[in-house]
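What follows is a short report on a single structure.
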Amino acid sequence: MDFGDIMNDWDARKQESARKAAAMAKVPPARESPARSAQERWLELHGVSQDALRDEEGESGLYLSRRDIDAMPVDAILDLHGKTATEAESALADFFNAARARSSRKLLIIHGKGLHSEGESVLGTLVARWLERCPAAGRNGKADRTQGGSGATWVLVKGGDQRSR
């Protein structure tokens with residue numbers, strides 16, 4: 001049993017406890033919003049296209065779990081420590097172009113935790129916003145503690161023949 005299994009088990013137990021507490025208190029279930037109901041009805045009628053799945057996860061079209069992503073090797077690492085915002089944006093663009101040329105799948109961007117910044121991490125925020133705009137960037141998240149934790153971000157690279165999101 002790994003940490004992911006432990007967390008899934010914990011979440012399931014937590015949800016079950018909440019259900020039991022609600023039943024014991026005889027609290028009526030929360031009402032679903034009309035927008036959510038409409039979305040669910042649409043998905044029931046139309047489903048999710050295979051193109052949408054491929055666009056999200058790459059050419060294979062398979063949904064990767066967090067465990068699968070964690071198990072993937074990091075193909076390239078970019079360290080942005082000491083860079084200005086302008087230098088970091090330029091480095092990110094060059095890094096992604098090179099990664100796509102090498103057909104990299106998983107990248108690690110080290111931006112630091114912002115300990116020397118006033119307020120939140122300047123480079124961490126910049127990286128998050130840059131990834132949102134980058135058509136080559138797929139799923140991303142905070143790195144594992146062994147790879148930098150909140151001071152680093154992993155990102156999956158979309159294939160070159162895919163549509164931008």
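The way I read the labels, and the way they are meant: chains A, B, ... in the order of the structure tokens, residue 1 as the first residue of every chain, and ligand 1 as the first ligand shown, with later ones counted on from there.
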Check: Which residues, written as a list of chain:residue names, have at least one atom at most 7 Å from stretch 66-75 of chain A, with only C-alpha atoms counted and residues fewer than 5 positions away on the same chain left out?
Finding: A:Gly4, A:Ser104, A:Arg105, A:Lys106, A:Leu107, A:Leu108
Output of the above residues as a short mmCIF file (atom, residue, chain, number, x, y, z; two decimals), in the first residue's frame, restricted to N, CA and C atoms:
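Output (out-v7.cif):
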data_model
loop_
_atom_site.label_atom_id
_atom_site.label_comp_id
_atom_site.auth_asym_id
_atom_site.auth_seq_id
_atom_site.Cartn_x
_atom_site.Cartn_y
_atom_site.Cartn_z
N GLY A 4 -0.63 7.06 -1.95
CA GLY A 4 -1.84 7.37 -2.70
C GLY A 4 -3.01 6.50 -2.26
N SER A 104 9.63 15.18 -25.11
CA SER A 104 9.56 14.98 -23.66
C SER A 104 8.10 14.89 -23.25
N ARG A 105 7.84 14.12 -22.18
CA ARG A 105 6.46 13.98 -21.70
C ARG A 105 6.24 14.70 -20.36
N LYS A 106 7.21 14.64 -19.47
CA LYS A 106 7.04 15.25 -18.15
C LYS A 106 8.23 16.14 -17.85
N LEU A 107 7.92 17.37 -17.44
CA LEU A 107 8.94 18.35 -17.14
C LEU A 107 8.82 18.79 -15.69
N LEU A 108 9.92 19.27 -15.14
CA LEU A 108 9.93 19.82 -13.79
C LEU A 108 10.48 21.23 -13.87
#
Item checked: For A:Asp79: contacts at 8 Å, only C-alpha atoms, fewer than 3 positions along chain excluded, given as an MDAnalysis selection string -> chainID A and resid 109:111
Atoms kept (C-alpha atoms) for selection, written as an mmCIF file, in the first residue's frame:
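Writing the result to out21.cif gives the following:
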data_model
loop_
_atom_site.group_PDB
_atom_site.id
_atom_site.type_symbol
_atom_site.label_atom_id
_atom_site.label_comp_id
_atom_site.auth_asym_id
_atom_site.auth_seq_id
_atom_site.Cartn_x
_atom_site.Cartn_y
_atom_site.Cartn_z
ATOM 1 C CA ILE A 109 10.121 23.580 -13.335
ATOM 2 C CA ILE A 110 11.897 24.763 -10.185
ATOM 3 C CA HIS A 111 10.722 28.259 -9.292
#
Checklist line | d(atom CA of A:Cys134, atom CA of A:Phe96) in Å | finding: 9.1 Å
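Minimum atom-to-atom distance to A:Val127, evaluated using only C-alpha atoms, belongs to A:Glu89 out of A:Glu89, A:Asp144, A:Glu40, A:Asp94.
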Item checked: atom CA of A:Leu64 to atom CA of A:Asp9, straight-line distance in Å ->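 A separation of 19.3 Å between them.
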Check: Which is closest to A:Ala143 among A:Arg41, A:Arg19, A:Lys113, A:Arg36, if we use only C-alpha atoms?
Finding: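 Among A:Arg41, A:Arg19, A:Lys113, A:Arg36, it is A:Lys113 that comes nearest to A:Ala143.
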